[in-house]
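Source file: input-v4.cif. Holds: mmCIF, C-alpha atoms.
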data_target
#
loop_
_atom_site.label_atom_id
_atom_site.label_comp_id
_atom_site.auth_asym_id
_atom_site.auth_seq_id
_atom_site.Cartn_x
_atom_site.Cartn_y
_atom_site.Cartn_z
CA MET A 13 53.94 -2.72 42.09
CA LYS A 14 52.20 0.58 42.96
CA THR A 15 49.73 0.02 40.13
CA THR A 16 48.88 -3.42 41.50
CA ILE A 17 48.37 -2.14 45.04
CA LEU A 18 46.19 0.77 43.95
CA GLY A 19 44.11 -1.53 41.77
CA ALA A 20 43.53 -3.92 44.67
CA ALA A 21 42.67 -1.06 47.02
CA ALA A 22 40.20 0.41 44.58
CA PHE A 23 38.57 -2.99 44.08
CA ALA A 24 38.31 -3.52 47.84
CA ALA A 25 36.76 -0.07 48.30
CA VAL A 26 34.10 -0.79 45.67
CA ILE A 27 33.19 -4.05 47.37
CA ALA A 28 32.84 -2.14 50.64
CA GLY A 29 30.71 0.53 49.03
CA GLY A 30 33.20 3.26 49.76
CA CYS A 31 34.23 4.19 46.22
CA VAL A 32 32.53 4.99 42.94
CA LEU A 33 34.05 3.53 39.82
CA PRO A 34 35.59 6.03 37.44
CA VAL A 35 33.28 7.02 34.57
CA ALA A 36 35.42 5.20 32.04
CA MET A 37 34.99 1.94 33.97
CA ALA A 38 31.23 2.44 34.63
CA GLN A 39 30.23 2.99 30.97
CA THR A 40 28.33 0.23 29.15
CA PRO A 41 28.60 -0.35 25.42
CA LYS A 42 25.96 1.47 23.35
CA VAL A 43 23.46 -0.75 21.57
CA GLN A 44 23.84 -0.22 17.85
CA ALA A 45 20.65 0.13 15.78
CA GLN A 46 20.08 -2.87 13.56
CA LYS A 47 21.10 -2.17 9.99
CA VAL A 48 19.34 -3.85 7.10
CA THR A 49 20.04 -3.56 3.41
CA ALA A 50 17.26 -1.84 1.49
CA ALA A 51 18.03 -3.81 -1.64
CA GLY A 52 15.45 -6.48 -2.41
CA THR A 53 11.71 -6.87 -2.86
CA TRP A 54 9.35 -5.41 -0.26
CA HIS A 55 5.55 -5.53 -0.08
CA GLY A 56 3.11 -3.28 1.73
CA SER A 57 -0.04 -1.23 1.34
CA ILE A 58 -1.54 2.20 1.94
CA MET A 59 -5.11 3.22 2.69
CA ARG A 60 -7.23 5.81 0.91
CA ALA A 61 -10.42 7.14 2.52
CA GLY A 62 -13.43 5.89 0.58
CA ILE A 63 -11.21 3.82 -1.68
CA GLY A 64 -9.67 1.22 0.58
CA GLU A 65 -6.36 -0.59 0.44
CA ILE A 66 -3.82 -0.08 -2.35
CA ARG A 67 -1.18 -2.80 -2.45
CA LEU A 68 2.34 -1.68 -3.36
CA GLU A 69 5.57 -3.53 -4.02
CA LEU A 70 9.09 -2.06 -3.93
CA ARG A 71 11.85 -3.56 -6.04
CA ILE A 72 15.18 -2.01 -5.08
CA GLU A 73 18.67 -2.76 -6.40
CA GLU A 74 22.09 -1.61 -5.23
CA LYS A 75 25.03 -1.15 -7.60
CA ALA A 76 28.30 0.43 -6.57
CA GLY A 77 26.63 1.78 -3.45
CA VAL A 78 23.81 3.48 -5.37
CA LEU A 79 20.19 2.44 -4.80
CA THR A 80 17.71 2.40 -7.68
CA GLY A 81 14.33 0.80 -8.06
CA VAL A 82 10.68 0.85 -9.03
CA GLY A 83 7.38 0.74 -7.22
CA ALA A 84 4.67 -1.60 -8.51
CA ASN A 85 0.95 -1.01 -8.02
CA MET A 86 -0.33 -4.55 -7.51
CA ASP A 87 -3.93 -3.40 -7.92
CA GLN A 88 -3.11 -2.04 -11.35
CA GLY A 89 -1.75 -5.22 -12.87
CA GLY A 90 1.69 -4.65 -11.37
CA ALA A 91 2.33 -1.46 -13.37
CA THR A 92 5.69 -0.01 -12.29
CA THR A 93 6.85 3.55 -11.64
CA PRO A 94 10.50 4.60 -11.07
CA LEU A 95 11.52 5.53 -7.54
CA GLY A 96 13.79 8.52 -7.02
CA ASN A 97 16.29 9.67 -4.39
CA ILE A 98 16.43 6.31 -2.62
CA VAL A 99 18.47 6.75 0.55
CA SER A 100 19.07 4.18 3.29
CA ASP A 101 21.64 4.01 6.06
CA GLY A 102 20.52 0.55 7.14
CA ALA A 103 18.24 1.91 9.86
CA THR A 104 16.10 4.29 7.78
CA LEU A 105 14.67 4.28 4.27
CA LYS A 106 13.51 7.24 2.21
CA PHE A 107 12.51 7.64 -1.43
CA SER A 108 10.28 9.67 -3.71
CA VAL A 109 7.93 8.78 -6.56
CA PRO A 110 8.50 11.67 -9.00
CA ALA A 111 5.68 10.69 -11.36
CA SER A 112 2.99 11.14 -8.70
CA GLY A 113 4.61 13.47 -6.17
CA ALA A 114 4.48 10.70 -3.57
CA GLY A 115 7.20 9.51 -1.22
CA PHE A 116 8.03 7.36 1.78
CA SER A 117 10.05 7.86 4.94
CA GLY A 118 10.42 5.13 7.53
CA LYS A 119 12.60 3.28 10.00
CA TRP A 120 13.49 -0.37 10.35
CA ASP A 121 11.38 -2.06 13.03
CA ALA A 122 12.89 -5.33 14.17
CA LYS A 123 9.63 -6.38 15.85
CA VAL A 124 7.63 -6.34 12.62
CA LYS A 125 10.68 -7.03 10.45
CA GLY A 126 9.89 -4.21 8.09
CA TRP A 127 10.22 -0.53 7.23
CA VAL A 128 7.58 1.36 9.22
CA GLY A 129 6.76 4.96 8.37
CA GLU A 130 4.58 7.34 6.38
CA TRP A 131 3.58 7.39 2.74
CA THR A 132 3.06 10.96 1.53
CA HIS A 133 0.87 11.88 -1.43
CA PRO A 134 -0.83 15.09 -2.68
CA ALA A 135 -4.19 13.37 -2.07
CA GLY A 136 -3.33 12.59 1.55
CA ASN A 137 -0.80 10.77 3.69
CA SER A 138 -1.04 7.24 5.02
CA ALA A 139 0.80 4.99 7.43
CA ALA A 140 2.76 2.31 5.57
CA THR A 141 4.82 -0.75 6.40
CA PHE A 142 6.95 -2.64 3.89
CA LYS A 143 8.02 -6.19 4.69
CA ALA A 144 10.47 -8.42 2.85
CA GLY A 145 9.26 -10.54 -0.04
CA PRO A 146 6.80 -10.26 -2.94
CA THR A 147 3.14 -9.40 -2.46
CA PRO A 148 1.17 -12.35 -1.05
CA ALA A 149 -1.65 -13.79 -3.13
CA SER A 150 -5.00 -12.08 -2.65
CA ALA A 151 -7.65 -13.67 -0.48
CA PRO A 152 -10.64 -15.26 -2.25
CA LEU A 153 -13.18 -12.71 -3.43
CA PRO A 154 -16.60 -12.53 -1.74
CA LYS A 155 -19.66 -13.43 -3.77
CA VAL A 156 -22.07 -10.60 -4.59
CA THR A 157 -25.45 -11.62 -6.00
CA GLY A 158 -27.76 -9.92 -8.47
CA LEU A 159 -25.20 -7.85 -10.36
CA ASP A 160 -23.72 -10.22 -12.94
CA GLY A 161 -23.69 -8.85 -16.45
CA ARG A 162 -22.40 -6.08 -18.70
CA TRP A 163 -23.18 -2.53 -17.58
CA GLU A 164 -22.72 0.57 -19.75
CA GLY A 165 -22.92 4.30 -19.10
CA SER A 166 -21.10 7.60 -19.67
CA ALA A 167 -19.57 10.44 -17.66
CA MET A 168 -18.02 13.66 -18.95
CA GLY A 169 -18.48 12.42 -22.51
CA MET A 170 -16.57 9.19 -21.85
CA SER A 171 -18.26 5.84 -22.13
CA MET A 172 -17.92 3.44 -19.19
CA LEU A 173 -18.15 -0.32 -19.30
CA VAL A 174 -18.41 -2.49 -16.19
CA ARG A 175 -18.32 -6.27 -16.34
CA ILE A 176 -19.38 -8.38 -13.36
CA GLU A 177 -19.18 -12.16 -13.21
CA SER A 178 -19.62 -14.64 -10.37
CA ASN A 179 -18.21 -18.16 -10.18
CA GLU A 180 -16.85 -20.61 -7.63
CA SER A 181 -13.97 -18.18 -6.91
CA GLY A 182 -16.32 -15.34 -5.96
CA THR A 183 -17.45 -12.27 -7.87
CA GLN A 184 -14.98 -10.63 -10.23
CA ALA A 185 -15.52 -7.19 -11.76
CA SER A 186 -13.68 -4.77 -14.03
CA MET A 187 -14.22 -1.33 -15.46
CA GLU A 188 -12.92 0.34 -18.61
CA SER A 189 -13.47 3.30 -20.87
CA PRO A 190 -13.44 1.80 -24.39
CA GLY A 191 -10.83 3.51 -26.54
CA GLN A 192 -9.32 5.24 -23.49
CA THR A 193 -8.02 2.66 -21.03
CA GLY A 194 -7.74 -1.08 -20.67
CA ALA A 195 -9.89 -2.99 -18.21
CA MET A 196 -9.05 -2.23 -14.59
CA PRO A 197 -9.96 -4.74 -11.86
CA ILE A 198 -12.59 -3.56 -9.40
CA LYS A 199 -11.08 -4.49 -6.03
CA ILE A 200 -14.03 -3.53 -3.83
CA LEU A 201 -17.60 -4.53 -4.70
CA THR A 202 -20.40 -4.63 -2.14
CA ARG A 203 -24.17 -4.71 -2.18
CA ASP A 204 -26.47 -3.99 0.75
CA GLY A 205 -30.01 -4.27 -0.54
CA ALA A 206 -30.30 -1.64 -3.28
CA ASN A 207 -27.08 0.12 -2.25
CA VAL A 208 -24.11 -0.81 -4.42
CA VAL A 209 -20.52 0.34 -3.97
CA PHE A 210 -17.47 -0.48 -6.06
CA ALA A 211 -13.99 1.00 -6.13
CA ILE A 212 -10.73 0.83 -8.03
CA PRO A 213 -7.95 1.83 -5.58
CA ALA A 214 -5.35 2.11 -8.35
CA MET A 215 -7.39 4.91 -9.95
CA MET A 216 -8.55 6.36 -6.62
CA MET A 217 -12.08 5.91 -7.96
CA ARG A 218 -15.28 4.98 -6.12
CA PHE A 219 -18.90 4.57 -7.21
CA ASP A 220 -21.86 4.82 -4.84
CA GLY A 221 -25.20 3.98 -6.39
CA LYS A 222 -28.60 2.36 -6.08
CA LEU A 223 -29.92 -0.60 -8.00
CA SER A 224 -33.32 -0.09 -9.61
CA VAL A 225 -36.27 -2.25 -8.59
CA ALA A 226 -36.08 -4.00 -11.96
CA GLY A 227 -32.36 -4.66 -11.37
CA ASP A 228 -31.32 -3.16 -14.70
CA LYS A 229 -29.96 0.26 -13.68
CA LEU A 230 -27.34 1.55 -11.26
CA GLU A 231 -27.74 5.26 -10.58
CA GLY A 232 -25.25 7.11 -8.44
CA THR A 233 -22.05 9.15 -8.21
CA MET A 234 -18.56 8.31 -9.35
CA THR A 235 -15.90 10.06 -7.27
CA GLN A 236 -12.30 10.36 -8.43
CA ALA A 237 -9.55 12.55 -6.98
CA GLY A 238 -12.12 14.41 -4.90
CA GLN A 239 -14.46 15.22 -7.79
CA GLY A 240 -17.93 13.67 -8.10
CA LEU A 241 -19.79 12.94 -11.33
CA ALA A 242 -23.29 11.59 -11.82
CA LEU A 243 -23.16 8.16 -13.43
CA THR A 244 -25.93 5.82 -14.54
CA LEU A 245 -25.03 2.31 -15.61
CA THR A 246 -27.56 0.29 -17.58
CA LYS A 247 -27.43 -3.49 -17.74
CA GLN A 248 -27.19 -4.75 -21.29
CA LYS A 249 -29.26 -7.66 -22.54
CA SER A 250 -27.25 -10.76 -23.37
#
Once more with this new file: its structure as structure tokens, please.
Amino acid sequence: MKTTILGAAAFAAVIAGGCVLPVAMAQTPKVQAQKVTAAGTWHGSIMRAGIGEIRLELRIEEKAGVLTGVGANMDQGGATTPLGNIVSDGATLKFSVPASGAGFSGKWDAKVKGWVGEWTHPAGNSAATFKAGPTPASAPLPKVTGLDGRWEGSAMGMSMLVRIESNESGTQASMESPGQTGAMPIKILTRDGANVVFAIPAMMMRFDGKLSVAGDKLEGTMTQAGQGLALTLTKQKS
């Protein structure tokens, strides 16, 4: 009976403004951070100065509580690289890319429905967001006129071959070093008068050059990993 009377008195005092509720009664439940499983496929991108966007895809699996996975460079034909030290508590995600010295650290953002954080790399850091699902299809390529053909040149003793072709889908271009590497898609290709720029984000490579008056030579500089090399590309006759 005493407990009942005291409880009623306390309640009446609160209504009258003459009593403060005990701390235990005044506490509100803490809002728990949303926890999301890191397992699955996630797509995102990073930016490189002078290179542009590099699209990445994470493919993470969980077995017996252990996370493993690979990262795919979607601008390099989907070539994969193992991820290391993948750690996630449902609110954060961290991993490394041992092969390149890169890594990612981010938090789950319910507003964007993705992991938002920073991509670290010896060549420079970049903001990065990874959202659920595979990488969306690329937008149609712009059409660049006056460059179609086969272009050849050399740098540091290595031959370079650039192919450019325009059709109803836009202008497609690729670059390779015969005997060294397979053809790599050129993701950025622009022309402003005589000024021509193309880049391969996957290789962190960029070319800045000028088109000759005759339209048969591209003279400029190829920059890769911070080093610049003079490069002249000559258009081959069909």
Quiz item: Suppose you want the space between CA of Gly221 (chain A) and CA of Gly169 (chain A); what is it in Å?
Solution: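 Separating CA of Gly221 (chain A) from CA of Gly169 (chain A) is a distance of 19.4 Å.
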Practice problem: For CA of Ala237 (chain A) and CA of Trp127 (chain A), quote the distance in Å rounded to one decimal. | Solution: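 Computing the Euclidean distance for CA of Ala237 (chain A) and CA of Trp127 (chain A) yields 27.6 Å.
Contact shell of Ala144 (chain A) at 10 Å (all atoms listed in the file; same-chain neighbours under 4 positions omitted): Ala50, Ala51, Gly52, Thr53, Trp54, His55, Gly56, Glu69, Leu70, Lys125, Gly126 and Trp127 of chain A.
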Quiz prompt | Top pick for closest residue to Met216 (chain A), considering A:Arg60, A:Lys119, A:Arg71, A:His133 and counting only C-alpha atoms | solution = A:Arg60
Exercise. Select, from A:Leu173, A:Ala114, A:Ala226, A:Gly81, the residue with the minimum atom-to-atom distance to Ala135 (chain A), counting only C-alpha atoms.
Key: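 Ranking A:Leu173, A:Ala114, A:Ala226, A:Gly81 by distance to Ala135 (chain A), first place goes to A:Ala114.
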